[in-house]
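Here's the structure, in structure tokens; my notes come after.
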Amino acid sequence: YIEQWKKIYKSYLIIGANNIMNSFYSTFNVIYLGIVCTKDQVGYYNISNQIMSICLGVITAFTMTTLPRMSNLLGTNNKKDYDTLLNNSFNAILNLCIPLSFGLFLYAPNIVNLLSGAGYEQSITPLRIIAPVVTVNAIAQILVYQILMPQHRDRPILYSTIIASLVGIITNIIFVKKLGVIGSAIVLFLSTLSNLLYNLAYSSKNKLLTFPVAQLFRCLIVTLPFILIYLVVDKLIENELLVLIIGVSVTGLYWLIINRKFVESIIHLRRAK
């Protein structure tokens with residue numbers, strides 16, 4: 001029992017340290033931007049970051065709720081069901097987050113003007129830079145909450161966060177003073193990407209997963225027509241709100257048609273429950 005408690009205590013200690021480091025590299029951007037630039041720049045950054053955070057909140061809820069299930073499957077040596085659930089998670093995240101990142105990038109002007117009004121145009125470029133963070137962060141969360149944590153690989157989680165923090169500090173010094181809010185957006189993207197790359201490299205090296213590269217490229221290819229839809233709608237319609245409504249509606253219909261098998265599997269899954 002003492003040995004078990006030591007393992008549990010050690011695990012929670014590492015996870016707690018990881019959460020602290022996570023908060024550090026997430027908030028240091030704003031603090032440093034406020035020190036070297038104006039309050040207006042901080043405001044522009046916060047607008048773009050808050051829009052992205054809304055999307056990430058939904059994704060985090062999904063990945064966190066699967067943690068007990070993944071741990072239970074590994075605890076009972078049910079590797080087959082574990083692999084199936086992991087593949088389904090990757091499938092869901094890639095099918096949802098890649099289109100979402102594209103949508104945030106394309107409709108950034110419309111979203112910013114709708115939520116913040118005139119005068120916040122400088123939030124548009126930062127939002128476009130951090131739009132891929134939605135996908136990058138979602139994949140990183142699968143690696144952490146569905147692969148590393150259930151298998152008690154706590155140290156790599158902590159190391160990846162330390163690396164992300166160091167990347168954040170270094171890139172803040174390099175970019176923020178010269179580029180302001182755009183530099184902060186670049187910092188956030190690079191920090192999140194470094195976190196993902198470390199966890200992905202560790203998981204692949206230790207044969208904890210086979211990353212679905214084919215599925216990733218498929219999602220990227222079928223999402224490319226989003227660009228054409230946006231350009232056509234933006235060219236034909238002048239009103240920004242209508243561009244957002246019609247563009248998202250047409251894009252959503254296209255996505256449902258292309259991913260009808262994925263949508264049907266979600267519906268069947270909910271009925272089965």
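Residue numbering restarts at 1 for every chain of the structure tokens, chains are lettered A, B, ... in their displayed order, and ligands are numbered from 1 as they appear.
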### Task
For A:Ile31, please output as a list of chain:residue names all residues within 12 Å (counting only C-alpha atoms; exclusion window: fewer than 3 positions along the same chain).
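Once the nearby chain positions are removed, what remains is A:Phe24, A:Tyr25, A:Ser26, A:Thr27, A:Phe28, A:Gly34, A:Ile35, A:Val36, A:Cys37, A:Thr38, A:Lys39, A:Gln41, A:Val42, A:Gly43, A:Tyr45, A:Asn46, A:Ile169, A:Asn172, A:Val176, A:Val181, A:Ser184.
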### Message
Please determine, counting only C-alpha atoms, which residue among A:Pro225, A:Phe211, A:Ile237, A:Gly168 has the shortest atom-to-atom distance to A:Asn29.
### Response
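Between A:Pro225, A:Phe211, A:Ile237, A:Gly168, the residue approaching A:Asn29 most closely is A:Gly168.
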### Query
Contacts of A:Val134 at 12 Å or less, counting only C-alpha atoms, minus same-chain residues fewer than 3 places along, as a PyMOL selection string?
chain A and resi 49+51-60+93-94+96-105+127-131+137-141+188-189+192-193+196
Give me the residues near A:Glu121 as an mmCIF file with all heavy atoms, in the first residue's frame, where near means some atom within 12 Å (using only C-alpha atoms) and where sequence neighbours in that chain fewer than 3 positions away do not count.
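Everything below was put into part_3.cif:
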```
data_model
loop_
_atom_site.group_PDB
_atom_site.id
_atom_site.type_symbol
_atom_site.label_atom_id
_atom_site.label_comp_id
_atom_site.auth_asym_id
_atom_site.auth_seq_id
_atom_site.Cartn_x
_atom_site.Cartn_y
_atom_site.Cartn_z
ATOM 1 N N ASP A 40 -3.122 48.699 -25.520
ATOM 2 C CA ASP A 40 -3.942 48.400 -26.697
ATOM 3 C C ASP A 40 -3.535 47.068 -27.323
ATOM 4 O O ASP A 40 -4.389 46.272 -27.743
ATOM 5 C CB ASP A 40 -3.811 49.516 -27.742
ATOM 6 C CG ASP A 40 -4.488 50.802 -27.290
ATOM 7 O OD1 ASP A 40 -5.335 50.727 -26.375
ATOM 8 O OD2 ASP A 40 -4.177 51.870 -27.853
ATOM 9 N N GLN A 41 -2.222 46.829 -27.394
ATOM 10 C CA GLN A 41 -1.718 45.575 -27.959
ATOM 11 C C GLN A 41 -2.192 44.368 -27.138
ATOM 12 O O GLN A 41 -2.553 43.336 -27.683
ATOM 13 C CB GLN A 41 -0.185 45.597 -28.019
ATOM 14 C CG GLN A 41 0.396 46.621 -28.978
ATOM 15 C CD GLN A 41 0.248 46.192 -30.432
ATOM 16 O OE1 GLN A 41 0.790 45.174 -30.849
ATOM 17 N NE2 GLN A 41 -0.475 46.979 -31.211
ATOM 18 N N GLY A 43 -4.925 44.277 -25.405
ATOM 19 C CA GLY A 43 -6.353 44.141 -25.700
ATOM 20 C C GLY A 43 -6.598 43.388 -26.991
ATOM 21 O O GLY A 43 -7.462 42.499 -27.051
ATOM 22 N N TYR A 44 -5.836 43.711 -28.028
ATOM 23 C CA TYR A 44 -5.977 43.026 -29.319
ATOM 24 C C TYR A 44 -5.655 41.532 -29.171
ATOM 25 O O TYR A 44 -6.336 40.673 -29.733
ATOM 26 C CB TYR A 44 -5.060 43.640 -30.373
ATOM 27 C CG TYR A 44 -5.336 45.093 -30.668
ATOM 28 C CD1 TYR A 44 -4.301 46.012 -30.840
ATOM 29 C CD2 TYR A 44 -6.648 45.561 -30.772
ATOM 30 C CE1 TYR A 44 -4.552 47.351 -31.116
ATOM 31 C CE2 TYR A 44 -6.906 46.898 -31.045
ATOM 32 C CZ TYR A 44 -5.860 47.789 -31.206
ATOM 33 O OH TYR A 44 -6.117 49.114 -31.470
ATOM 34 N N TYR A 45 -4.607 41.249 -28.404
ATOM 35 C CA TYR A 45 -4.213 39.850 -28.199
ATOM 36 C C TYR A 45 -5.286 39.087 -27.426
ATOM 37 O O TYR A 45 -5.617 37.940 -27.765
ATOM 38 C CB TYR A 45 -2.882 39.778 -27.453
ATOM 39 C CG TYR A 45 -2.438 38.368 -27.145
ATOM 40 C CD1 TYR A 45 -1.836 37.582 -28.133
ATOM 41 C CD2 TYR A 45 -2.624 37.813 -25.885
ATOM 42 C CE1 TYR A 45 -1.431 36.278 -27.860
ATOM 43 C CE2 TYR A 45 -2.223 36.510 -25.611
ATOM 44 C CZ TYR A 45 -1.623 35.756 -26.592
ATOM 45 O OH TYR A 45 -1.233 34.472 -26.323
ATOM 46 N N ILE A 47 -8.461 39.594 -27.276
ATOM 47 C CA ILE A 47 -9.641 39.324 -28.114
ATOM 48 C C ILE A 47 -9.435 38.046 -28.924
ATOM 49 O O ILE A 47 -10.278 37.140 -28.922
ATOM 50 C CB ILE A 47 -9.929 40.508 -29.062
ATOM 51 C CG1 ILE A 47 -10.390 41.741 -28.283
ATOM 52 C CG2 ILE A 47 -10.975 40.114 -30.106
ATOM 53 C CD1 ILE A 47 -11.714 41.590 -27.583
ATOM 54 N N SER A 48 -8.313 37.959 -29.626
ATOM 55 C CA SER A 48 -8.044 36.781 -30.472
ATOM 56 C C SER A 48 -7.872 35.526 -29.617
ATOM 57 O O SER A 48 -8.351 34.442 -29.986
ATOM 58 C CB SER A 48 -6.798 37.017 -31.330
ATOM 59 O OG SER A 48 -5.678 37.317 -30.522
ATOM 60 N N ALA A 108 -11.873 35.178 -39.796
ATOM 61 C CA ALA A 108 -11.352 35.992 -38.686
ATOM 62 C C ALA A 108 -11.857 37.439 -38.719
ATOM 63 O O ALA A 108 -12.300 37.967 -37.688
ATOM 64 C CB ALA A 108 -9.824 35.960 -38.675
ATOM 65 N N PRO A 109 -11.843 38.133 -39.874
ATOM 66 C CA PRO A 109 -12.350 39.519 -39.889
ATOM 67 C C PRO A 109 -13.812 39.612 -39.481
ATOM 68 O O PRO A 109 -14.207 40.504 -38.720
ATOM 69 C CB PRO A 109 -12.163 39.952 -41.356
ATOM 70 C CG PRO A 109 -11.131 39.028 -41.901
ATOM 71 C CD PRO A 109 -11.339 37.734 -41.194
ATOM 72 N N ASN A 110 -14.610 38.681 -39.968
ATOM 73 C CA ASN A 110 -16.041 38.695 -39.673
ATOM 74 C C ASN A 110 -16.308 38.382 -38.204
ATOM 75 O O ASN A 110 -17.155 39.009 -37.564
ATOM 76 C CB ASN A 110 -16.766 37.666 -40.557
ATOM 77 C CG ASN A 110 -16.349 37.775 -42.014
ATOM 78 O OD1 ASN A 110 -15.283 37.295 -42.387
ATOM 79 N ND2 ASN A 110 -17.169 38.401 -42.844
ATOM 80 N N ILE A 111 -15.572 37.413 -37.665
ATOM 81 C CA ILE A 111 -15.758 37.020 -36.267
ATOM 82 C C ILE A 111 -15.341 38.140 -35.322
ATOM 83 O O ILE A 111 -16.052 38.466 -34.369
ATOM 84 C CB ILE A 111 -14.957 35.728 -35.967
ATOM 85 C CG1 ILE A 111 -15.511 34.558 -36.773
ATOM 86 C CG2 ILE A 111 -15.008 35.403 -34.476
ATOM 87 C CD1 ILE A 111 -14.641 33.312 -36.737
ATOM 88 N N VAL A 112 -14.187 38.740 -35.594
ATOM 89 C CA VAL A 112 -13.690 39.826 -34.734
ATOM 90 C C VAL A 112 -14.642 41.016 -34.762
ATOM 91 O O VAL A 112 -14.984 41.581 -33.712
ATOM 92 C CB VAL A 112 -12.265 40.251 -35.160
ATOM 93 C CG1 VAL A 112 -11.858 41.550 -34.460
ATOM 94 C CG2 VAL A 112 -11.267 39.139 -34.844
ATOM 95 N N ASN A 113 -15.087 41.406 -35.946
ATOM 96 C CA ASN A 113 -16.005 42.552 -36.054
ATOM 97 C C ASN A 113 -17.353 42.263 -35.416
ATOM 98 O O ASN A 113 -17.971 43.157 -34.820
ATOM 99 C CB ASN A 113 -16.191 42.932 -37.527
ATOM 100 C CG ASN A 113 -14.952 43.583 -38.117
ATOM 101 O OD1 ASN A 113 -14.177 44.213 -37.403
ATOM 102 N ND2 ASN A 113 -14.750 43.424 -39.414
ATOM 103 N N LEU A 114 -17.811 41.019 -35.502
ATOM 104 C CA LEU A 114 -19.086 40.654 -34.889
ATOM 105 C C LEU A 114 -19.001 40.682 -33.366
ATOM 106 O O LEU A 114 -19.890 41.208 -32.694
ATOM 107 C CB LEU A 114 -19.500 39.250 -35.356
ATOM 108 C CG LEU A 114 -20.776 38.676 -34.715
ATOM 109 C CD1 LEU A 114 -21.991 39.520 -35.088
ATOM 110 C CD2 LEU A 114 -20.970 37.220 -35.111
ATOM 111 N N LEU A 115 -17.926 40.138 -32.807
ATOM 112 C CA LEU A 115 -17.811 40.017 -31.354
ATOM 113 C C LEU A 115 -17.263 41.269 -30.679
ATOM 114 O O LEU A 115 -17.588 41.539 -29.523
ATOM 115 C CB LEU A 115 -16.923 38.818 -31.000
ATOM 116 C CG LEU A 115 -17.436 37.446 -31.427
ATOM 117 C CD1 LEU A 115 -16.444 36.366 -31.039
ATOM 118 C CD2 LEU A 115 -18.798 37.160 -30.790
ATOM 119 N N SER A 116 -16.422 42.022 -31.395
ATOM 120 C CA SER A 116 -15.737 43.163 -30.762
ATOM 121 C C SER A 116 -16.105 44.512 -31.355
ATOM 122 O O SER A 116 -15.857 45.543 -30.736
ATOM 123 C CB SER A 116 -14.217 42.966 -30.866
ATOM 124 O OG SER A 116 -13.843 41.728 -30.315
ATOM 125 N N GLY A 117 -16.663 44.521 -32.561
ATOM 126 C CA GLY A 117 -17.024 45.785 -33.190
ATOM 127 C C GLY A 117 -15.849 46.455 -33.857
ATOM 128 O O GLY A 117 -14.742 45.904 -33.951
ATOM 129 N N ALA A 118 -16.086 47.666 -34.317
ATOM 130 C CA ALA A 118 -15.039 48.425 -35.015
ATOM 131 C C ALA A 118 -13.927 48.816 -34.051
ATOM 132 O O ALA A 118 -14.148 48.985 -32.857
ATOM 133 C CB ALA A 118 -15.650 49.660 -35.662
ATOM 134 N N ILE A 124 -7.319 40.696 -35.942
ATOM 135 C CA ILE A 124 -7.596 39.753 -37.019
ATOM 136 C C ILE A 124 -6.362 38.903 -37.359
ATOM 137 O O ILE A 124 -6.442 37.670 -37.410
ATOM 138 C CB ILE A 124 -8.096 40.500 -38.272
ATOM 139 C CG1 ILE A 124 -9.444 41.169 -37.978
ATOM 140 C CG2 ILE A 124 -8.209 39.543 -39.462
ATOM 141 C CD1 ILE A 124 -9.924 42.110 -39.067
ATOM 142 N N THR A 125 -5.231 39.540 -37.589
ATOM 143 C CA THR A 125 -4.018 38.797 -37.946
ATOM 144 C C THR A 125 -3.577 37.849 -36.824
ATOM 145 O O THR A 125 -3.246 36.686 -37.106
ATOM 146 C CB THR A 125 -2.871 39.766 -38.324
ATOM 147 O OG1 THR A 125 -3.284 40.565 -39.432
ATOM 148 C CG2 THR A 125 -1.611 38.995 -38.689
ATOM 149 N N PRO A 126 -3.557 38.291 -35.553
ATOM 150 C CA PRO A 126 -3.224 37.345 -34.476
ATOM 151 C C PRO A 126 -4.158 36.141 -34.429
ATOM 152 O O PRO A 126 -3.711 35.014 -34.188
ATOM 153 C CB PRO A 126 -3.363 38.192 -33.203
ATOM 154 C CG PRO A 126 -3.133 39.578 -33.652
ATOM 155 C CD PRO A 126 -3.694 39.667 -35.036
ATOM 156 N N LEU A 127 -5.462 36.377 -34.661
ATOM 157 C CA LEU A 127 -6.407 35.264 -34.654
ATOM 158 C C LEU A 127 -6.081 34.277 -35.776
ATOM 159 O O LEU A 127 -6.172 33.057 -35.578
ATOM 160 C CB LEU A 127 -7.844 35.782 -34.793
ATOM 161 C CG LEU A 127 -8.945 34.713 -34.811
ATOM 162 C CD1 LEU A 127 -8.885 33.846 -33.550
ATOM 163 C CD2 LEU A 127 -10.320 35.359 -34.940
ATOM 164 N N ARG A 128 -5.703 34.793 -36.916
ATOM 165 C CA ARG A 128 -5.340 33.908 -38.031
ATOM 166 C C ARG A 128 -4.060 33.123 -37.730
ATOM 167 O O ARG A 128 -3.940 31.952 -38.114
ATOM 168 C CB ARG A 128 -5.168 34.733 -39.300
ATOM 169 C CG ARG A 128 -6.510 35.119 -39.919
ATOM 170 C CD ARG A 128 -6.376 35.930 -41.176
ATOM 171 N NE ARG A 128 -7.617 35.858 -41.959
ATOM 172 C CZ ARG A 128 -7.927 36.682 -42.934
ATOM 173 N NH1 ARG A 128 -7.090 37.655 -43.275
ATOM 174 N NH2 ARG A 128 -9.068 36.538 -43.588
ATOM 175 N N VAL A 181 1.579 42.498 -30.895
ATOM 176 C CA VAL A 181 0.545 41.480 -30.743
ATOM 177 C C VAL A 181 0.737 40.325 -31.726
ATOM 178 O O VAL A 181 0.459 39.161 -31.396
ATOM 179 C CB VAL A 181 -0.857 42.119 -30.906
ATOM 180 C CG1 VAL A 181 -1.053 42.693 -32.302
ATOM 181 C CG2 VAL A 181 -1.960 41.103 -30.605
#
```
### Nearest residue to A:Ile142 from the set A:Asn77, A:Asn88, A:Thr161, A:Ser123 (distances using only C-alpha atoms)
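Checking each candidate against A:Ile142, we get A:Asn88 as the closest.
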### Query
Hey, which of A:Asn239, A:Tyr202, A:Ser23, A:Leu220 ends up closest to A:Asp154? Count only C-alpha atoms.
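Closest to A:Asp154, using only C-alpha atoms: A:Tyr202.
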### Query
So which one's closest to A:Ser203, A:Ile147, A:Lys178, A:Gln122, A:Phe90? Using only C-alpha atoms, please.
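Checking each candidate against A:Ser203, we get A:Ile147 as the closest.
Reported to one decimal place, the separation of atom CA of A:Arg218 from atom CA of A:Leu85 is 19.8 Å.
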### Task
Quote the spacing between atom CA of A:Val133 and atom CA of A:Thr171 in Å to one decimal place.
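Interatomic distance here is 16.2 Å.
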### Query
Expressed in Å to a single decimal, how great is the separation between atom CA of A:Gln146 and atom CA of A:Ala61?
12.7 Å
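Excluding A:Tyr198 itself and same-chain residues fewer than 3 positions from it, the residues having an atom within 9 Å of it are Pro156, Ile157, Tyr159, Ser160, Ile163, Leu193, Ser194, Asn195, Ala201, Tyr202 and Ser203 of chain A, counting only C-alpha atoms.
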